[in-house]
Structure formats: structure tokens, C-alpha cells
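Written below as C-alpha cells is the structure these notes are about.
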Amino acid sequence: MDNSRRSFIKISALSAGSLALTTPALSAIGNNFSLANKKELINAAKNLKRSATYCEVCFWKCAGWAYTDENNNIKKVIGNESDPHCNGRLCPRGTGGVGMYSDNDRLKTPLIRTTINGKDTFREASWEEALTLVATKMQEIKDKYGAESMALLKHGTPGSHLEHLFKAYGSDTVAEPAYAQCRGPRETGFRLTFGSWVGSPEPTDIRDTKCLVLIGSHIGENMHNTQVQEMSDAIDNKATIITVDPRFSTAASKSQHWLAIKPSTDIALLLSWMHVLIYEDLYDKEYVKQYGLGFEQLKEHVRTFTPEWAYGITTIKPEQIRETARLMAAASPSVIIHPGRHVTWYGDDTQRSRSIAILNGLLGSWGRRGGFYFKEKISIPKFPHPPYPTPKWGWEEIGEKYPFAEMGITNEVIKVTAEKENKKYPIKGWFVAGTNLINTVPQHIKTKEAIEALEFMVVLDTMPMEITGYADVVLPECTYLERYDGLRSATNREPSIALRMPAAKPRFDSKPAWWIAKQIGEKLGLSEYFNYKDFKEVIAWQLEQLGTSLEEMEKIGVKNFKRKSGPLYLKDGEDYEFYTPSGKIEFYSQTLANHGFDPMPVYTAHEQPPQGYYRLNYGRSPMHTFSRTINNPNLNDLKDENKLWVNPKVARIEGLKTDQKVWIENQDGIVSTFPVKVRVTERIRWDSVYAYHGFGHNDKKLTRAYGKGVSDTKLMSRVSIDPMMGGTGMRGNFVKILTENPHKDTEI
């Protein structure tokens with residue numbers, strides 16, 4: 001096995017060589033140059049303006065430097081060496097982020113829906129007209145139904161500015177797909193067990209681990225920067241890697257053990273691993289005795305869940321289950337059963353995450369070197385403003401049947417919006433910011449039904465995504481490279497803050513979200529909540545409270561602070577109280593029992609594909625952050641379409657060849673709009689097919705992305721809802737493969 005870091009994943013290193021400048025004097029140098037050329041390149045870089053930023057291409061928010069020439073052109077983004085999130089190295093998406101700025105397909109000016117000759121279209125508008133219309137409609141909805149009837153569906157940094165606006169306006173009807181469609185079950189499962197969210201970035205001590213277990217977590221393809229770098233270190237250090245996945249992922253290719261599990265059977269494997277650890281006396285006895293609660297109940301619970309039992313469910317041989325469990329135990333406590341990120345799969349996802357948390361508890365990895373460290377972050381002072389009004393209802397009431405929901409559930413907001421006669425929670429307006437709901441939330445037909453029921457919808461985005469086509473008003477946001485934003489403060493081993501400042505003036509007639517929120521707020525009579533002329537003033541005030549200054553942060557970009565919460569790890573035998581009701585790691589959860597749920601995870605069989613159908617699995621391309629980057633000119637050059645992975649056995653049955661164009665139809669008769677090319681590979685089980693998520697855009701304004709590949713979201717008409725927190729399990733959709741064009745008589 002090749003354990004070299006370079007072959008695992010390429011991350012651009014921070015160096016003068018990573019400045020791929022396009023000026024004529026340097027065009028011949030490229031990235032392969034001598035020391036003399038390197039000196040020349042460094043001198044040339046001195047002519048560029050350097051601005052501190054942190055990335056918005058994904059949630060990791062790596063800090064970097066943006067370089068701009070005298071003509072306001074951003075030439076390159078590189079990592080900040082002081083940043084613990086990236087250690088001076090950005091992933092392909094981070095370095096390609098400049099394409100968001102340079103993309104000429106960007107939204108350029110405010111747009112207002114109008115009717116010409118009986119046909120809906122958009123017309124260009126001034127900011128004054130567009131924002132006056134937005135504020136007027138928001139006020140009308142507030143006067144008629146209450147402020148709560150205006151909902152904010154958001155993602156990313158712009159959402160924080162608009163959430164402030166909404167709370168000042170009187171609405172807490174706020175939700176984001178990143179919770180119910182991504183990581184919510186993980187946070188619930190770990191909180192129920194350890195009393196703590198996993199959070200982001202995850203506090204996984206991969207650099208010091210001796211055994212890393214990945215269950216459907218594609219490190220190296222999801223490009224979570226710190227984790228990719230640390231996994232490379234772990235591989236160099238000869239750590240044992242175990243990957244559980246029906247697909248031979250990049251991580252699986254670097255693993256000593258690839259367990260090609262039957263999809264939907266993960267809990268059975270996890271319970272069987274518990275059985276081996278407990279009944280072979282391999283668990284961390286002292287740790288469990290001191291910090292655990294409910295071990296005897298768990299022991300009895302898993303008594304019959306033998307590897308032989310699991311084999312009949314998972315198709316993983318008993319000797320593989322035993323061997324991998326013993327490897328984990330041998331590495332304990334320096335072992336990580338990785339919690340994953342996108343964990344909304346089958347509807348029992350909180351219990352699957354609970355199983356992962358319990359395994360980590362049995363192995364003694366929480367709060368231990370090589371397991372999970374105790375994270376810390378800096379609390380950013382809140383800029384002074386009056387108290388928010390108290391809404392009569394909001395996201396908590398809308399999701400009240402899910403007792404463990406801790407954020408707004410997007411699909412529940414969509415559901416009650418579509419219910420036109422809903423008197424209890426009448427949602428009449430949406431403000432959608434930074435999230436392409438059509439390609440993000442499953443059951444897109446329901447999303448469209450909800451949109452049709454709205455009296456007003458405004459969309460804020462940088463690109464003409466599918467969701468913008470349904471808006472009454474479209475507001476063009478400038479990219480993260482053209483604006484000030486809130487200070488980045490996220491959990492890590494040591495706390496840090498990072499500055500985002502504009503590297504260039506906004507292109508076209510785009511504006512930053514903070515300015516848009518402030519303008520709308522003032523038009524709504526909420527000026528006291530926006531007591532500043534420029535958001536730069538807010539940042540400067542906050543930095544002063546933190547003992548630094550805007551001037552210093554513009555020079556250094558990232559400021560690291562010393563830990564104040566205590567050591568990274570538990571000391572052997574020290575007293576520690578977890579943030580659970582009992583103060584212990586809860587193997588048995590009385591909280592769940594009190595709410596009528598299983599206090600310990602239980603495996604339940606899920607529906608399997610009918611004859612002629614295959615389970616639709618999906619994941620992330622390392623070049624893209626789902627649908628939001630497909631049109632990015634830099635990243636589109638790296639990957640412009642997805643392919644459908646099929647096993648050679650399936651290819652023989654269906655008569656398929658590599659690069660053959662096919663269409664796919666799901667169990668409800670929904671057919672992909674565009675064809676997708678086949679990739680015949682042994683790297684996928686025969687009962688599944690696989691495609692990268694985010695492709696298959698149908699908006700022609702996205703000139704590079706339009707019609708390229710298949711949209712897996714469109715085919716997710718069936719979801720399984722997690723009864724604990726409302727997450728949408730999306731891996732229960734089955735597809736058949738069509739070799740003839742089903743749309744040949746239809747105009748697309």
C-alpha cells in the first residue's frame with residue numbers, strides 16, 4: 001500500500017510558487033521555476049495588494065490571503081500560515097474560490113418579477129426600488145399575519161446578517177438545510193451520549209490517532225482541510241485506517257480494511273462491534289467505570305448481536321468484524337470512530353450516530369489524545385443593540401413534534417408553508433439566502449408547492465441558481481472576496497479569530513449582505529438595530545474588545561489565543577463531569593426513554609431495492625461544494641459533470657459501457673432531466689449506483705453547468721424522517737437505468 005502523502009490528496013502549499021499570476025512578465029514562469037525565478041516571482045508579488053480573508057466555498061472557512069492587482073483584479077487566493085484550520089494550505093476549492101469573483105454568469109443587478117405580454121419575466125431594478133419593495137412586502141406580511149409569517153431560509157455567512165434583521169423584525173422562523181439535511185442527527189446523537197455537539201470543525205485528533213474508522217465519511221473527497229492534512233499525517237505514521245462504505249472511496253484506497261457494507265445496515269455492524277468489545281473484554285474498563293452510565297444495560301442489550309448475526313445483515317464476514325474491533329481496542333484510547341458530516345441517510349440517523357458515540361465511549365476516546373480533544377473557541381462580543389422582540393412562534397413550534405430538534409427544520413418550514421389553510425403557523429413569505437433549495441432539499445416538488453403558496457419571496461445569491469427563478473425579487477450579493485463579514489471564530493485545539501475584508505470592489509451592481517440587511521432594516525423602522533454606517537465599524541469595535549485592532553488584523557489575518565478552558569485531554573483518572581443530565585457518558589439514555597424512544601440503539605431493517613432497481617447513493621466531488629460551485633470557471637475546468645458509477649455485474653445485466661449516456665428513473669417514476677455518462681467500476685457494490693451531488697443544473701444562465709450530468713436531488717422523492725430531530729434520510733431512493741432517451745418527444 002502506498003502511504004505517501006502526495007498520492008493521498010493534493011493540497012496547494014503556501015509558497016511563492018502557488019501564485020499563478022497572469023501578468024505577461026510572469027506567464028512563462030508558471031509553477032515550475034528555479035530559485036532565481038522564485039525570487040523574481042516574489043518581487044512581482046510585491047506589486048500586488050494583499051488582503052486578509054477566509055474562505056466561503058465551504059463551511060471550514062480556512063483563512064487566506066487574496067492578491068489583487070492595480071486594476072482591481074483578484075489574481076490568487078492562498079492559505080494563511082498562521083491559521084490552524086489550514087496551516088497555510090488550501091484545498092482545490094479554496095484556491096479556486098477566485099472563480100466565484102471572476103464568473104461573468106454572476107447575478108449583476110437587482111431583479112423584480114414582472115409580466116410582459118402575459119408572461120412572467122424579470123426586469124432590472126435599482127437597489128432603492130428593489131429594497132423598498134422587499135421592505136414594503138415584509139411590513140405588509142407583518143401587519144396582516146405577524147412577523148413570524150416571514151421565514152428566513154439561509155446558509156453561510158450572509159445568513160447571520162439576515163438572521164439579525166429577522167430577529168429585530170420579530171421573526172424567529174429561521175432554518176437552514178445544513179441541519180435537517182446534513183449534520184443534525186450527529187449533533188443530537190453525540191449530545192445525548194457525551195452532552196456535547198461534535199461541532200465544526202470536528203474535534204477529531206486525527207494527527208495523533210493510531211486507528212481511524214470511517215463510516216461513510218469520505219475524507220479526501222469532502223476536503224475538510226485540517227482533517228485531510230491530519231489523515232495524511234496519520235497514514236505516514238502507519239495508523240490503521242478502517243473504512244466502511246459500499247463504495248471504494250479515496251479513503252478506502254488508503255485503508256488497511258475496506259468493509260463493503262450492504263447499504264442501510266450500519267447500525268447492525270456498530271452493535272456487533274460493541275458486542276465484540278464487551279464480550280471479549282476489550283473495552284476501556286477504567287474509563288467506562290469512571291465516566292460511563294448504563295454499561296450493564298448496554299452489555300445485556302448487545303448480548304445477541306454477534307458477528308454471525310451481523311454477517312447475515314451486513315454481508316461483512318464475522319472474522320472481519322472481529323478483527324477490526326480488536327484493532328480498535330488495541331489502539332485505544334487513540335482511536336476515532338469518525339462521526340461523519342452528512343449523516344441524514346435512513347431515518348434512524350440519530351440512533352446510528354448514538355451508536356458511533358457509544359463505541360467511542362467504550363474505547364475511551366472522548367477527551368483522549370488520538371481520539372477527541374476538548375475544543376475551544378473565542379466568543380465574539382455582540383455589537384450593542386436593543387433587545388429583540390419575542391415572537392409568538394417560530395422554528396421551535398413548527399418542529400415541536402421532534403423533541404430533540406435544536407435548529408430550524410427546513411423541510412418542516414416548507415411543509416407548513418405549502419399548507420394554505422394553516423392557521424396555526426401561516427408562513428406567507430420567504431427570504432432565501434445562499435441556499436439553492438431546489439437542489440438542496442429532497443422532494444423538490446413539495447418545495448415548488450410551497451413556493452406557489454407564498455405571497456412573496458426574495459432570494460439573495462451570487463449566482464442565478466434554480467431557486468432564483470421562483471423569486472419575486474432577486475438581490476445580487478457580492479462574493480466573499482468583495483466584502484467585510486463577521487469575524488470567524490470556530491472551535492479548534494486553540495482558539496483563533498480570522499478577518500474577512502474586501503480584496504476588491506464588488507463587481508457589477510452587487511452588494512454585501514450586511515449592507516442589504518441594514519438597508520431593509522432601516523426601511524422597516526429598525527435603525528436602532530443597525531447603529532453603524534459601515535460593518536467595518538462593528539468589526540473594529542469587536543476587535544478592540546478582544547484586545548487587538550482592525551489595523552493589526554488587516555496585517556496578520558489570523559490571531560491565535562491561548563487556551564483558557566483547560567487541557568486538550570483528560571488526565572488519567574481525573575474527575576470530569578459531562579454535560580449530560582447524569583454528568584456521565586450515557587450508554588443508556590433515560591432522556592430518550594422518557595420521550596418514548598429506545599434508550600439504546602436498535603437495528604431496524606430498511607426497504608431494499610426491488611428487482612431491476614439499485615439504491616441511489618451520492619457524495620461529494622473534491623473539486624466542488626455541491627451545487628454552489630459547479631459553474632465556477634476554475635473548478636468547472638477540473639470537473640464539469642458527474643458520472644453514474646455502476647458495478648461490472650450491473651453493466652453486464654443492463655448492457656452498459658463506460659461513457660455511455662443513460663437516464664435514470666426512480667421508484668416514483670421521476671426521470672432525470674439530462675443524461676449521465678456511465679462509469680463501470682469494481683469500486684461500487686452491485687446493489688447500488690453512485691453519483692456526485694450537485695450536478696444537472698437546468699438554468700441556462702449557468703453556462704458551464706447547464707445540462708451537465710444528473711441531479712440526484714431531483715430523484716429524491718422519498719425521504720425517511722428521523723423522529724427525534726426531524727432529519728431527512730435521503731438514501732432510500734431506488735433507480736433503474738434507461739438507455740433510451742425518455743424525453744426525445746419533449747422540449748427540455
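Chain lettering (A, B, ...) mirrors the order of the C-alpha cells, residue numbering begins at 1 for each chain separately, and ligand numbering begins at 1 in order of display.
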
Check: What residues in stretch 360-440 of chain A get the DSSP label alpha helix (DSSP H)? Please answer as a ChimeraX atom specification.
Finding: /A:360-362,395-398,410-418,437-440

For the interface of stretch 585-613 of chain A with stretch 729-739 of chain A (cut-off 10 Å, counting only C-alpha atoms), please tabulate each contacting residue of stretch 585-613 of chain A alongside its nearest pair of atoms and their separation in Å to one decimal, rows sorted by chain and increasing number, as a tab-separated table.
residue	atom	partner	partner_atom	distance
A:His606	CA	A:Gly732	CA	8.2
A:Glu607	CA	A:Gly732	CA	7.5
A:Gln608	CA	A:Gly732	CA	8.2
A:Pro609	CA	A:Phe734	CA	5.9
A:Pro610	CA	A:Phe734	CA	8.0
A:Gln611	CA	A:Lys736	CA	9.3
A:Gly612	CA	A:Lys736	CA	6.2
A:Tyr613	CA	A:Lys736	CA	4.6

Next item on the list: Identify, with DSSP run on backbone atoms, the residues in stretch 220-396 of chain A assigned to strand (DSSP E or B), and express the list as a VMD selection string.
Entry: chain A and resid 240 to 244 247 257 to 259 292 to 293 335 to 337 366 372 376 394

Please report, as a tab-separated table, each residue of stretch 213-281 of chain A lying at most 10 Å from stretch 362-378 of chain A, together with the nearest pair of atoms and the separation in Å rounded to one decimal; use only C-alpha atoms, and order rows by chain and ascending residue number.
residue	atom	partner	partner_atom	distance
A:Ala234	CA	A:Gly370	CA	9.9
A:Met274	CA	A:Leu362	CA	7.8
A:Leu277	CA	A:Leu362	CA	7.8
A:Ile278	CA	A:Leu362	CA	8.3

Next item on the list: Fewer than 5 positions away in the same chain doesn't count, so skip those; otherwise give me all residues within 6 Å of stretch 73-79 of chain A, counting only C-alpha atoms, as a PyMOL selection string.
Entry: chain A and resi 14+64-68+88-90+95

Find the nearest atom pair between each residue of stretch 174-268 of chain A and stretch 290-311 of chain A for residues within 12 Å, count only C-alpha atoms, give distances in Å to one decimal, sort rows by chain and ascending number, and present the table as JSON lines.
{"residue": "A:Thr193", "atom": "CA", "partner": "A:Gly292", "partner_atom": "CA", "distance": 9.6}
{"residue": "A:Phe194", "atom": "CA", "partner": "A:Gly292", "partner_atom": "CA", "distance": 9.6}
{"residue": "A:Leu259", "atom": "CA", "partner": "A:Tyr311", "partner_atom": "CA", "distance": 11.5}
{"residue": "A:Ala260", "atom": "CA", "partner": "A:Tyr311", "partner_atom": "CA", "distance": 11.9}
{"residue": "A:Ile261", "atom": "CA", "partner": "A:Tyr311", "partner_atom": "CA", "distance": 9.7}
{"residue": "A:Lys262", "atom": "CA", "partner": "A:Tyr311", "partner_atom": "CA", "distance": 10.0}
{"residue": "A:Thr265", "atom": "CA", "partner": "A:Ala310", "partner_atom": "CA", "distance": 8.7}
{"residue": "A:Asp266", "atom": "CA", "partner": "A:Ala310", "partner_atom": "CA", "distance": 9.6}
{"residue": "A:Ile267", "atom": "CA", "partner": "A:Ala310", "partner_atom": "CA", "distance": 9.4}
{"residue": "A:Ala268", "atom": "CA", "partner": "A:Ala310", "partner_atom": "CA", "distance": 5.7}

Next item on the list: Pick out the closest residue to A:Ile241 from this set: A:Ala331, A:Lys317, A:Asn225, A:Ser82. Count only C-alpha atoms.
Entry: A:Ala331

Check: Smallest atom-to-atom distance to A:Thr580: which of A:Ser196, A:Ser527, A:Thr468, A:Ser149, using only C-alpha atoms?
Finding: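 Among the listed residues, A:Ser196 lies closest to A:Thr580.
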
Check: atom CA of A:Ile356 to atom CA of A:Gly199: how many Å, to one decimal?
Finding: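 Between atom CA of A:Ile356 and atom CA of A:Gly199 the gap is 15.3 Å.
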